[in-house]
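Shown here: run_17.tsv, TSV, C-alpha atoms.
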```
chain	number	residue	atom	x	y	z
A	1	GLN	CA	57.94	-231.29	90.87
A	2	SER	CA	56.70	-227.91	89.67
A	3	VAL	CA	54.25	-225.87	91.73
A	4	LEU	CA	52.17	-225.11	88.63
A	5	THR	CA	50.97	-228.06	86.54
A	6	GLN	CA	51.10	-228.07	82.74
A	7	PRO	CA	50.66	-230.92	80.25
A	8	PRO	CA	54.08	-232.09	79.01
A	9	SER	CA	53.05	-231.79	75.37
A	10	VAL	CA	50.26	-230.71	73.04
A	11	SER	CA	50.06	-231.04	69.29
A	12	GLY	CA	47.85	-230.01	66.43
A	13	ALA	CA	47.68	-229.84	62.69
A	14	PRO	CA	48.30	-226.55	60.87
A	15	GLY	CA	45.29	-224.29	61.22
A	16	GLN	CA	43.96	-226.01	64.34
A	17	ARG	CA	43.60	-224.63	67.85
A	18	VAL	CA	45.66	-225.82	70.81
A	19	THR	CA	45.24	-224.93	74.46
A	20	ILE	CA	47.76	-225.27	77.28
A	21	SER	CA	46.44	-225.40	80.82
A	22	CYS	CA	48.29	-224.19	83.91
A	23	THR	CA	46.85	-225.39	87.21
A	24	GLY	CA	47.85	-223.82	90.49
A	25	SER	CA	46.36	-223.48	93.94
A	26	ASN	CA	44.86	-220.96	96.31
A	27	SER	CA	48.29	-219.71	97.36
A	28	ASN	CA	49.26	-218.62	93.84
A	29	ILE	CA	46.88	-218.25	90.89
A	30	GLY	CA	43.83	-218.79	93.08
A	31	ALA	CA	45.02	-216.05	95.44
A	32	GLY	CA	44.68	-213.56	92.61
A	33	TYR	CA	48.25	-213.44	91.34
A	34	ALA	CA	48.66	-212.98	87.61
A	35	VAL	CA	49.58	-215.76	85.21
A	36	HIS	CA	52.36	-215.11	82.72
A	37	TRP	CA	53.46	-217.24	79.78
A	38	TYR	CA	56.92	-217.57	78.24
A	39	ARG	CA	57.96	-219.13	74.99
A	40	GLN	CA	61.38	-220.74	74.65
A	41	LEU	CA	62.95	-221.81	71.39
A	42	PRO	CA	65.85	-224.31	71.39
A	43	GLY	CA	69.08	-222.81	72.66
A	44	THR	CA	67.55	-219.46	73.53
A	45	ALA	CA	66.30	-217.68	76.62
A	46	PRO	CA	62.58	-217.62	77.41
A	47	LYS	CA	60.64	-214.55	76.29
A	48	VAL	CA	57.37	-213.15	77.56
A	49	PHE	CA	54.51	-214.41	75.39
A	50	ILE	CA	51.49	-213.40	77.48
A	51	TYR	CA	51.64	-211.27	80.62
A	52	ASP	CA	49.12	-210.28	83.28
A	53	ASN	CA	46.82	-213.19	82.34
A	54	ASP	CA	45.73	-211.96	78.92
A	55	SER	CA	47.99	-209.19	77.61
A	56	ARG	CA	50.12	-209.66	74.51
A	57	PRO	CA	53.53	-208.00	74.11
A	58	SER	CA	54.09	-206.26	70.80
A	59	GLY	CA	54.98	-208.79	68.13
A	60	VAL	CA	52.79	-211.59	69.48
A	61	PRO	CA	49.91	-212.18	67.03
A	62	ASP	CA	46.29	-211.80	68.07
A	63	ARG	CA	45.61	-215.49	67.33
A	64	VAL	CA	47.34	-216.02	70.70
A	65	SER	CA	45.27	-215.44	73.84
A	66	GLY	CA	45.53	-215.99	77.56
A	67	SER	CA	42.90	-216.45	80.22
A	68	LYS	CA	42.55	-217.08	83.92
A	69	ALA	CA	39.75	-218.58	85.97
A	70	GLY	CA	39.93	-219.62	89.59
A	71	SER	CA	43.23	-221.35	90.27
A	72	SER	CA	44.07	-221.99	86.63
A	73	GLY	CA	45.33	-220.17	83.59
A	74	ALA	CA	45.30	-221.15	79.95
A	75	LEU	CA	47.12	-220.25	76.77
A	76	ALA	CA	45.37	-220.72	73.43
A	77	ILE	CA	46.86	-220.58	69.96
A	78	THR	CA	44.48	-220.62	67.00
A	79	GLY	CA	45.38	-221.01	63.34
A	80	LEU	CA	48.38	-223.11	64.34
A	81	GLN	CA	51.50	-222.56	62.25
A	82	ALA	CA	54.80	-224.41	62.00
A	83	ASP	CA	56.69	-221.60	63.69
A	84	ASP	CA	54.47	-221.88	66.79
A	85	GLU	CA	56.50	-224.89	67.85
A	86	GLY	CA	58.50	-224.48	71.01
A	87	ASP	CA	58.36	-224.88	74.77
A	88	TYR	CA	55.85	-222.83	76.71
A	89	TYR	CA	56.04	-222.12	80.46
A	90	CYS	CA	53.47	-220.57	82.76
A	91	GLN	CA	54.54	-218.56	85.80
A	92	SER	CA	52.94	-216.88	88.77
A	93	TYR	CA	53.77	-215.87	92.34
A	94	ASP	CA	53.12	-217.94	95.44
A	95	ASN	CA	52.47	-216.10	98.69
A	96	SER	CA	53.00	-219.18	100.86
A	97	LEU	CA	56.42	-219.91	99.36
A	98	ARG	CA	57.10	-216.19	98.85
A	99	SER	CA	58.57	-217.08	95.50
A	100	VAL	CA	58.13	-216.98	91.76
A	101	VAL	CA	56.74	-220.33	90.60
A	102	PHE	CA	56.85	-221.97	87.20
A	103	GLY	CA	55.01	-224.76	85.46
A	104	GLY	CA	56.93	-227.74	84.15
A	105	GLY	CA	56.67	-226.56	80.56
A	106	THR	CA	54.66	-227.75	77.55
A	107	LYS	CA	56.15	-228.70	74.21
A	108	VAL	CA	53.97	-227.62	71.29
A	109	THR	CA	54.32	-229.70	68.14
A	110	VAL	CA	52.73	-228.89	64.80
A	111	LEU	CA	51.91	-232.13	63.04
B	112	GLN	CA	66.22	-200.39	75.97
B	113	VAL	CA	66.46	-202.82	78.87
B	114	THR	CA	69.19	-205.45	78.67
B	115	LEU	CA	70.68	-207.97	81.08
B	116	ARG	CA	73.79	-210.07	80.62
B	117	GLU	CA	75.04	-212.92	82.78
B	118	SER	CA	78.72	-213.67	83.29
B	119	GLY	CA	80.66	-216.23	85.25
B	120	PRO	CA	82.69	-219.42	84.98
B	121	ALA	CA	81.57	-222.07	82.52
B	122	LEU	CA	83.10	-224.87	84.60
B	123	VAL	CA	83.27	-225.35	88.35
B	124	LYS	CA	84.38	-228.31	90.42
B	125	PRO	CA	82.13	-230.11	92.90
B	126	THR	CA	82.10	-228.46	96.35
B	127	GLN	CA	83.30	-225.14	94.92
B	128	THR	CA	81.34	-221.89	95.15
B	129	LEU	CA	79.81	-220.46	91.97
B	130	THR	CA	79.70	-216.69	91.54
B	131	LEU	CA	77.56	-215.24	88.75
B	132	THR	CA	77.16	-211.59	87.84
B	133	CYS	CA	74.18	-210.01	86.12
B	134	THR	CA	75.03	-206.68	84.50
B	135	PHE	CA	72.02	-204.68	83.40
B	136	SER	CA	71.16	-201.44	81.66
B	137	GLY	CA	68.07	-199.45	80.82
B	138	PHE	CA	66.67	-199.38	84.35
B	139	SER	CA	67.81	-198.75	87.91
B	140	LEU	CA	67.50	-201.03	90.91
B	141	THR	CA	66.88	-197.93	92.99
B	142	THR	CA	63.55	-197.35	91.22
B	143	THR	CA	60.52	-198.43	93.23
B	144	GLY	CA	59.14	-201.72	91.97
B	145	MET	CA	62.25	-202.93	90.17
B	146	CYS	CA	63.66	-206.34	91.02
B	147	VAL	CA	66.24	-208.71	89.53
B	148	THR	CA	65.82	-212.44	89.77
B	149	TRP	CA	67.86	-215.55	88.91
B	150	ILE	CA	66.47	-218.67	87.26
B	151	ARG	CA	68.23	-221.85	86.14
B	152	GLN	CA	67.45	-224.61	83.69
B	153	PRO	CA	69.13	-228.04	83.78
B	154	PRO	CA	69.68	-229.54	80.32
B	155	GLY	CA	66.36	-230.67	78.86
B	156	LYS	CA	64.43	-229.71	81.98
B	157	ALA	CA	62.13	-227.00	83.26
B	158	LEU	CA	62.86	-223.53	84.57
B	159	GLU	CA	63.62	-223.26	88.29
B	160	TRP	CA	63.47	-219.99	90.21
B	161	LEU	CA	66.46	-219.34	92.49
B	162	ALA	CA	66.52	-215.91	94.10
B	163	ARG	CA	65.41	-212.32	93.85
B	164	ILE	CA	66.56	-208.92	95.11
B	165	ASP	CA	64.36	-205.84	95.19
B	166	TRP	CA	64.87	-202.09	94.93
B	167	ASP	CA	64.40	-201.82	98.70
B	168	ASP	CA	67.10	-204.46	99.43
B	169	ASP	CA	64.60	-207.22	100.25
B	170	GLU	CA	65.95	-210.65	99.33
B	171	TYR	CA	64.02	-213.84	98.57
B	172	TYR	CA	65.33	-217.36	98.03
B	173	SER	CA	64.11	-220.72	96.79
B	174	ALA	CA	63.20	-222.74	99.88
B	175	SER	CA	65.09	-225.78	98.62
B	176	LEU	CA	68.31	-223.84	97.96
B	177	ARG	CA	68.13	-221.14	100.61
B	178	THR	CA	71.11	-222.38	102.62
B	179	ARG	CA	73.40	-222.32	99.57
B	180	LEU	CA	72.43	-219.03	97.92
B	181	THR	CA	73.31	-215.40	98.47
B	182	ILE	CA	72.12	-212.54	96.27
B	183	SER	CA	73.47	-209.00	96.42
B	184	LYS	CA	73.43	-205.82	94.37
B	185	ASP	CA	75.76	-202.99	93.47
B	186	THR	CA	73.53	-200.19	92.24
B	187	SER	CA	76.50	-198.01	91.26
B	188	LYS	CA	77.64	-200.69	88.81
B	189	ASN	CA	74.14	-201.86	87.82
B	190	GLN	CA	75.05	-205.39	88.84
B	191	VAL	CA	73.45	-208.21	90.79
B	192	VAL	CA	75.62	-211.06	92.05
B	193	LEU	CA	74.47	-214.58	92.90
B	194	THR	CA	76.68	-216.98	94.81
B	195	MET	CA	75.88	-220.66	95.20
B	196	MET	CA	77.94	-222.72	97.63
B	197	ASN	CA	78.85	-226.38	97.56
B	198	MET	CA	78.23	-226.96	93.86
B	199	ASP	CA	77.17	-230.43	92.71
B	200	PRO	CA	76.92	-232.00	89.24
B	201	MET	CA	73.13	-231.72	89.63
B	202	ASP	CA	73.59	-227.92	89.50
B	203	THR	CA	74.74	-228.12	85.89
B	204	GLY	CA	72.59	-226.03	83.58
B	205	THR	CA	71.99	-222.62	82.10
B	206	TYR	CA	71.61	-219.75	84.55
B	207	TYR	CA	69.50	-216.72	83.61
B	208	CYS	CA	68.95	-213.36	85.23
B	209	ALA	CA	65.80	-211.40	84.47
B	210	ARG	CA	64.11	-208.17	85.46
B	211	LEU	CA	61.02	-208.71	87.56
B	212	THR	CA	58.28	-206.14	87.98
B	213	HIS	CA	57.07	-206.16	91.57
B	214	SER	CA	53.50	-205.20	90.77
B	215	THR	CA	52.64	-208.35	88.80
B	216	HIS	CA	55.79	-210.49	89.19
B	217	VAL	CA	56.31	-210.75	85.44
B	218	LEU	CA	59.84	-211.47	84.26
B	219	ASP	CA	59.67	-209.02	81.40
B	220	VAL	CA	63.26	-209.02	80.14
B	221	TRP	CA	65.72	-211.92	80.32
B	222	GLY	CA	69.43	-212.21	79.79
B	223	GLN	CA	70.74	-214.66	77.23
B	224	GLY	CA	71.84	-217.10	79.93
B	225	THR	CA	75.21	-218.50	80.88
B	226	PRO	CA	75.95	-222.25	80.86
B	227	VAL	CA	77.54	-223.76	83.95
B	228	THR	CA	78.94	-227.29	84.12
B	229	VAL	CA	79.86	-228.87	87.44
B	230	SER	CA	82.47	-231.54	86.96
B	231	SER	CA	85.77	-232.61	88.40
```
What would the structure in this file look like if it were written as structure tokens?
Amino acid sequence: QSVLTQPPSVSGAPGQRVTISCTGSNSNIGAGYAVHWYRQLPGTAPKVFIYDNDSRPSGVPDRVSGSKAGSSGALAITGLQADDEGDYYCQSYDNSLRSVVFGGGTKVTVL
Amino acid sequence: QVTLRESGPALVKPTQTLTLTCTFSGFSLTTTGMCVTWIRQPPGKALEWLARIDWDDDEYYSASLRTRLTISKDTSKNQVVLTMMNMDPMDTGTYYCARLTHSTHVLDVWGQGTPVTVSS
């Protein structure tokens, strides 16, 4: 049972927009801690995809965006492409657990 | 360029102790705000945070695994070591180390991971 809640899967046709939600509580995201997103391709390590709620590392296209409101974060991908498929994890910090916390991961499928 | 690399046994027997080493370069664990953390991922499952050690020697552990884990650092060798006691087949998975930035808790650089199987 992950501390942060994500939908197990989302899908969309090429060109569409998909959004992944990440719901926490007032001891993590709601306490003001940043939301970070990681993308993991099969057989590889996760890589930062969005950091500090809405910042993109170099190499991540601007059709990808992150947001945070209250105790939740969200990752949006517009203009969906086949190579956007993969597993996406949100992450934050929890001051009650004093630990890094992850979501359960969301599999993005391009139809 | 920041890199991290995990090393350790690929196979351990139940009840044995697992020792994993994270060797890093491109930063120092004596620099304020630098931390190294361990994460694992069972096959087909989600990421699970395990432990963290900070530049100031503070240590943090997953509440569910606290009694089995020990994290330590050797700043002269740029290494962080994680030991996990009393291994069980449920501990099978890929183990990652990553650099964590204390200011925002982002895991900005990850190692490639090392697979560990627990089996007799």
*asked:* Distance cut-off 9 Å, counting only C-alpha atoms - which residues of chain B neighbour chain A? Return them as a PyMOL selection string.
replied: chain B and resi 156-163+171-174+207+215-224
*How far is it from CA of Arg151 (chain B) to CA of Gly32 (chain A), in Å with one decimal?*
25.8 Å
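Take the candidates A:Ser55, A:Thr109, A:Ser65, A:Ser71 and check each one against Gly86 (chain A) using all atoms listed in the file; the shortest distance goes to A:Thr109.
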*In Å, with one decimal, what is the gap from CA of Pro14 (chain A) to CA of Leu75 (chain A)?*
17.1 Å
May I have the protein, DNA and RNA residues with any atom at most 8 Å from the point (59.0, -204.9, 94.5), counting all atoms listed in the file, written as a PDB file with C-alpha atoms, in the frame of the given file?
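Done, and the output landed in selection_19.pdb:
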```
ATOM      1  CA  THR B 143      60.520-198.430  93.230  1.00  0.00           C
ATOM      2  CA  GLY B 144      59.140-201.720  91.970  1.00  0.00           C
ATOM      3  CA  MET B 145      62.250-202.930  90.170  1.00  0.00           C
ATOM      4  CA  CYS B 146      63.660-206.340  91.020  1.00  0.00           C
ATOM      5  CA  ASP B 165      64.360-205.840  95.190  1.00  0.00           C
ATOM      6  CA  TRP B 166      64.870-202.090  94.930  1.00  0.00           C
ATOM      7  CA  ASP B 167      64.400-201.820  98.700  1.00  0.00           C
ATOM      8  CA  THR B 212      58.280-206.140  87.980  1.00  0.00           C
ATOM      9  CA  HIS B 213      57.070-206.160  91.570  1.00  0.00           C
ATOM     10  CA  SER B 214      53.500-205.200  90.770  1.00  0.00           C
TER      11      SER B 214
END
```
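Counting all atoms listed in the file, Thr128 (chain B) has the following residues at most 10 Å away, ignoring those fewer than 5 positions along the same chain: B:Val123, B:Arg179, B:Leu180, B:Thr194, B:Met195, B:Met196, B:Asn197, B:Met198, B:Asp199.
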Using only C-alpha atoms, which protein or nucleic acid residues come within 7 Å of region 184-188 of chain B? Drop anything in the same chain fewer than 3 positions from it, and give the result as an mmCIF file with C-alpha atoms, keeping the file's coordinate frame.
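Done, and the output landed in part.cif:
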```cif
data_model
loop_
_atom_site.group_PDB
_atom_site.id
_atom_site.type_symbol
_atom_site.label_atom_id
_atom_site.label_comp_id
_atom_site.auth_asym_id
_atom_site.auth_seq_id
_atom_site.Cartn_x
_atom_site.Cartn_y
_atom_site.Cartn_z
ATOM 1 C CA LEU B 140 67.500 -201.030 90.910
ATOM 2 C CA VAL B 191 73.450 -208.210 90.790
ATOM 3 C CA VAL B 192 75.620 -211.060 92.050
#
```
_Using only C-alpha atoms, can you tell me which of A:Gly66, A:Gly73, A:Gly12, A:Pro61 comes closest to Gly24 (chain A)?_
A:Gly73
Counting only C-alpha atoms, which residues have an atom no more than 12 Å from (85.6, -222.2, 82.2) in the file's coordinates? Please list them as a CSV table (one decimal) with C-alpha atoms, in the frame of the given file.
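Writing the result to result_8.csv gives the following:
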```csv
chain,number,residue,atom,x,y,z
B,118,SER,CA,78.7,-213.7,83.3
B,119,GLY,CA,80.7,-216.2,85.2
B,120,PRO,CA,82.7,-219.4,85.0
B,121,ALA,CA,81.6,-222.1,82.5
B,122,LEU,CA,83.1,-224.9,84.6
B,123,VAL,CA,83.3,-225.4,88.4
B,124,LYS,CA,84.4,-228.3,90.4
B,129,LEU,CA,79.8,-220.5,92.0
B,225,THR,CA,75.2,-218.5,80.9
B,226,PRO,CA,76.0,-222.2,80.9
B,227,VAL,CA,77.5,-223.8,84.0
B,228,THR,CA,78.9,-227.3,84.1
B,229,VAL,CA,79.9,-228.9,87.4
B,230,SER,CA,82.5,-231.5,87.0
```
*Residue with smallest distance to Arg63 (chain A) - pool A:Gly79, A:Pro8, A:Gly30, A:Gly15, counting only C-alpha atoms*: A:Gly79
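Between CA of Ile29 (chain A) and CA of Ala69 (chain A) the interatomic distance comes to 8.7 Å.
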*asked:* Which residue is closest to Ser136 (chain B)? Choose from B:Leu193, B:Ile182, B:Ile150, B:Ala209 and count all atoms listed in the file.
replied: B:Ala209
_So, with only C-alpha atoms as the atoms that count, which of B:Leu211, B:Leu131, B:Met201, B:Val113 lies closest to Ser183 (chain B)?_
B:Leu131
